[in-house]
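Accompanying notes for the structure given below.
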Amino acid sequence: MEKFTTLTTTAAPLRRSNVDTDQIIPAVFLKRVTKTGFEDALFHHWRQDPEFVLNQPQYEGAEVLITGPDFGTGSSREHAVWALRDYGFKVVISPRFADIFRGNSGKQGLVAAQVEEADVERLWAVVEADPKTPVTVNLEARTVTAGDVSVEFQIDDYTRWRLLEGLDDIALTLRNEQDITDFEARRPSWMPTTLPVQNA
């Protein structure tokens, strides 16, 4: 996955709380067997409303979503993060995330930035007053800046490190590839081994 350090973009204000994963991506879309291509499923039901924030042209292309508390609750589904990423969001800002959603985000390269509820209100006010306002998310400094508003966000050190380094689970494992190879070489010959792929 791509490294994330700093992003300057625009933001979309989602003035809703308790956004569960079934609202982020309805279960009917979970039948797909791919890991990409979920942008059409993001907030599918809400997007039927022409007044929904993501249907507003002034928020087109926003890569930051600013939302209310308890985002990502409900059933565990990585598809929620995939849908947000496929749509183009790289950061979600909320006063509170569901634990599983926050964990899935960090593993998939989506920054889940937790800020105080009052700070969400301040950020909403800025981007609603002028949707073209640049919003900068600095992962190293753990800050979000929009206009004259600058707030700090929380993210655990391990997830922050993975995002800064651009490491998903596979990349983390491959960092120990030589150790794995050495371990396999030391295994007794009577133990099962993985055979190389044979072409038919």
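Each chain of the structure tokens is named A, B, ... in the order shown, its residues numbered from 1; ligands are numbered from 1 in display order.
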
Residues near segment 55-67 of chain A, anyone? I mean within 6 Å using only C-alpha atoms, not counting same-chain ones fewer than 6 positions away, as a count of residues only. 13

Distance query Thr21 of chain A at most 12 Å, only C-alpha atoms, self and fewer than 2 positions along chain excluded, as a ChimeraX atom specification: /A:18-19,23-27,29-30,41-44,70-84,97-98,100-102,104

Using only C-alpha atoms, the best pick from A:Lys107, A:Arg122, A:Arg142, A:Arg187 as closest to Lys3 of chain A would be A:Lys107

Measuring between only C-alpha atoms, which one of A:Asn138, A:Ser105, A:Thr133, A:Gln48 shows the shortest distance to Thr5 of chain A?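 Ranked by minimum distance to Thr5 of chain A, first place goes to A:Asn138.
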
From a backbone DSSP assignment, name each residue in segment 34-161 of chain A labelled strand (DSSP E), as a list of chain:residue names.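 Output for segment 34-161 of chain A, strand (DSSP E) only: A:Val64, A:Leu65, A:Ile66, A:Thr67, A:Val91, A:Val92, A:Ile93, A:Ser94, A:Val111, A:Ala112, A:Ala113, A:Gln114, A:Val135, A:Thr136, A:Val137, A:Asn138, A:Thr143, A:Val144, A:Thr145, A:Ala146, A:Val149, A:Ser150, A:Val151, A:Glu152.
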
Output of the above residues as a short mmCIF file (atom, residue, chain, number, x, y, z; two decimals), in the first residue's frame, restricted to N, CA, C and O atoms:
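Okay, again-v5.cif is ready:
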data_model
loop_
_atom_site.label_atom_id
_atom_site.label_comp_id
_atom_site.auth_asym_id
_atom_site.auth_seq_id
_atom_site.Cartn_x
_atom_site.Cartn_y
_atom_site.Cartn_z
N VAL A 64 -11.10 13.70 1.89
CA VAL A 64 -11.27 13.62 3.35
C VAL A 64 -12.76 13.65 3.65
O VAL A 64 -13.48 14.49 3.11
N LEU A 65 -13.21 12.74 4.50
CA LEU A 65 -14.59 12.71 4.94
C LEU A 65 -14.62 13.07 6.42
O LEU A 65 -13.93 12.45 7.23
N ILE A 66 -15.40 14.10 6.75
CA ILE A 66 -15.52 14.54 8.14
C ILE A 66 -16.91 14.16 8.63
O ILE A 66 -17.91 14.62 8.08
N THR A 67 -16.97 13.32 9.61
CA THR A 67 -18.25 12.76 10.03
C THR A 67 -18.42 12.80 11.55
O THR A 67 -17.48 13.12 12.28
N VAL A 91 -8.80 9.72 4.02
CA VAL A 91 -8.86 10.03 5.45
C VAL A 91 -10.33 10.14 5.86
O VAL A 91 -11.13 10.73 5.13
N VAL A 92 -10.66 9.57 7.01
CA VAL A 92 -11.97 9.80 7.64
C VAL A 92 -11.70 10.42 9.01
O VAL A 92 -10.88 9.90 9.77
N ILE A 93 -12.36 11.52 9.27
CA ILE A 93 -12.20 12.22 10.55
C ILE A 93 -13.50 12.06 11.34
O ILE A 93 -14.59 12.32 10.81
N SER A 94 -13.37 11.61 12.57
CA SER A 94 -14.55 11.40 13.42
C SER A 94 -14.14 11.51 14.89
O SER A 94 -12.99 11.23 15.23
N VAL A 111 -6.62 6.46 6.64
CA VAL A 111 -6.33 7.10 7.92
C VAL A 111 -7.64 7.38 8.65
O VAL A 111 -8.51 8.08 8.13
N ALA A 112 -7.79 6.80 9.83
CA ALA A 112 -8.96 7.07 10.70
C ALA A 112 -8.48 8.03 11.78
O ALA A 112 -7.86 7.61 12.76
N ALA A 113 -8.73 9.31 11.57
CA ALA A 113 -8.23 10.35 12.46
C ALA A 113 -9.30 10.71 13.48
O ALA A 113 -10.36 11.21 13.12
N GLN A 114 -9.00 10.47 14.73
CA GLN A 114 -9.98 10.74 15.79
C GLN A 114 -9.71 12.11 16.42
O GLN A 114 -8.61 12.36 16.90
N VAL A 135 -7.72 21.30 2.86
CA VAL A 135 -7.62 20.63 4.16
C VAL A 135 -6.34 19.80 4.14
O VAL A 135 -6.15 18.98 3.24
N THR A 136 -5.48 20.03 5.11
CA THR A 136 -4.21 19.31 5.17
C THR A 136 -4.22 18.36 6.36
O THR A 136 -4.46 18.79 7.50
N VAL A 137 -3.95 17.10 6.07
CA VAL A 137 -3.82 16.08 7.12
C VAL A 137 -2.36 15.69 7.18
O VAL A 137 -1.81 15.18 6.20
N ASN A 138 -1.73 15.96 8.31
CA ASN A 138 -0.31 15.66 8.50
C ASN A 138 -0.20 14.51 9.49
O ASN A 138 -0.43 14.69 10.69
N THR A 143 -1.97 16.27 12.79
CA THR A 143 -2.78 17.49 12.78
C THR A 143 -3.65 17.54 11.53
O THR A 143 -3.31 16.97 10.49
N VAL A 144 -4.77 18.22 11.66
CA VAL A 144 -5.64 18.55 10.53
C VAL A 144 -5.78 20.07 10.51
O VAL A 144 -6.10 20.68 11.54
N THR A 145 -5.53 20.65 9.33
CA THR A 145 -5.62 22.10 9.20
C THR A 145 -6.58 22.43 8.06
O THR A 145 -6.47 21.87 6.96
N ALA A 146 -7.51 23.33 8.34
CA ALA A 146 -8.46 23.80 7.32
C ALA A 146 -8.70 25.28 7.59
O ALA A 146 -9.25 25.63 8.64
N VAL A 149 -8.36 26.96 11.11
CA VAL A 149 -8.58 25.93 12.13
C VAL A 149 -7.51 24.87 12.03
O VAL A 149 -7.25 24.33 10.95
N SER A 150 -6.86 24.58 13.12
CA SER A 150 -5.87 23.51 13.17
C SER A 150 -6.13 22.70 14.43
O SER A 150 -6.17 23.25 15.53
N VAL A 151 -6.32 21.40 14.25
CA VAL A 151 -6.64 20.54 15.39
C VAL A 151 -5.72 19.32 15.36
O VAL A 151 -5.18 18.95 14.32
N GLU A 152 -5.54 18.74 16.52
CA GLU A 152 -4.75 17.51 16.63
C GLU A 152 -5.68 16.31 16.54
O GLU A 152 -6.85 16.40 16.91
#

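For the residues A:Asp156, A:Val53, A:Asp119, A:Ala185, ranking by smallest atom-to-atom distance to Pro131 of chain A using only C-alpha atoms places A:Val53 first.
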
As an mmCIF file with C-alpha atoms, in the first residue's frame, please: every residue in segment 49-165 of chain A that a backbone DSSP assignment puts in alpha helix (DSSP H).
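Output saved as result33.cif:
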data_model
loop_
_atom_site.group_PDB
_atom_site.id
_atom_site.type_symbol
_atom_site.label_atom_id
_atom_site.label_comp_id
_atom_site.auth_asym_id
_atom_site.auth_seq_id
_atom_site.Cartn_x
_atom_site.Cartn_y
_atom_site.Cartn_z
ATOM 1 C CA GLU A 78 -13.455 -4.865 5.301
ATOM 2 C CA HIS A 79 -15.663 -3.877 2.371
ATOM 3 C CA ALA A 80 -16.564 -0.672 4.232
ATOM 4 C CA VAL A 81 -12.961 0.473 4.074
ATOM 5 C CA TRP A 82 -12.567 -0.756 0.494
ATOM 6 C CA ALA A 83 -15.648 1.229 -0.576
ATOM 7 C CA LEU A 84 -14.365 4.414 1.042
ATOM 8 C CA ARG A 85 -10.939 3.941 -0.557
ATOM 9 C CA ASP A 86 -12.356 3.077 -3.969
ATOM 10 C CA TYR A 87 -14.541 6.166 -3.894
ATOM 11 C CA ASP A 99 -12.606 -0.624 16.980
ATOM 12 C CA ILE A 100 -12.836 -3.135 14.119
ATOM 13 C CA PHE A 101 -13.379 -0.424 11.528
ATOM 14 C CA ARG A 102 -10.385 1.495 12.860
ATOM 15 C CA GLY A 103 -8.252 -1.665 12.693
ATOM 16 C CA ASN A 104 -9.362 -2.464 9.153
ATOM 17 C CA SER A 105 -8.635 1.115 8.087
ATOM 18 C CA GLY A 106 -5.040 1.033 9.253
ATOM 19 C CA LYS A 107 -4.401 -2.241 7.434
ATOM 20 C CA GLN A 108 -5.891 -0.918 4.185
ATOM 21 C CA GLU A 117 -16.347 16.426 18.760
ATOM 22 C CA ALA A 118 -16.016 20.208 19.092
ATOM 23 C CA ASP A 119 -13.175 20.106 16.562
ATOM 24 C CA VAL A 120 -15.384 18.228 14.086
ATOM 25 C CA GLU A 121 -17.918 21.047 14.413
ATOM 26 C CA ARG A 122 -15.178 23.598 13.682
ATOM 27 C CA LEU A 123 -13.976 21.670 10.630
ATOM 28 C CA TRP A 124 -17.544 21.247 9.356
ATOM 29 C CA ALA A 125 -18.087 25.001 9.640
ATOM 30 C CA VAL A 126 -14.976 25.747 7.582
ATOM 31 C CA VAL A 127 -15.632 23.319 4.719
ATOM 32 C CA GLU A 128 -19.339 24.148 4.556
ATOM 33 C CA ALA A 129 -18.576 27.885 4.390
ATOM 34 C CA ASP A 157 1.552 4.642 17.272
ATOM 35 C CA TYR A 158 1.637 1.245 15.559
ATOM 36 C CA THR A 159 -1.024 2.125 12.967
ATOM 37 C CA ARG A 160 0.623 5.489 12.367
ATOM 38 C CA TRP A 161 3.957 3.747 11.746
ATOM 39 C CA ARG A 162 2.386 1.246 9.295
ATOM 40 C CA LEU A 163 0.720 4.060 7.360
ATOM 41 C CA LEU A 164 3.895 6.160 7.260
ATOM 42 C CA GLU A 165 5.857 3.138 6.012
#

In Å, how far is it from atom CA of Lys132 of chain A to atom CA of Asp148 of chain A? 13.9 Å

Any idea what the distance is between atom CA of Arg16 of chain A and atom CA of Pro50 of chain A?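 Going from atom CA of Arg16 of chain A over to atom CA of Pro50 of chain A, I get 16.3 Å.
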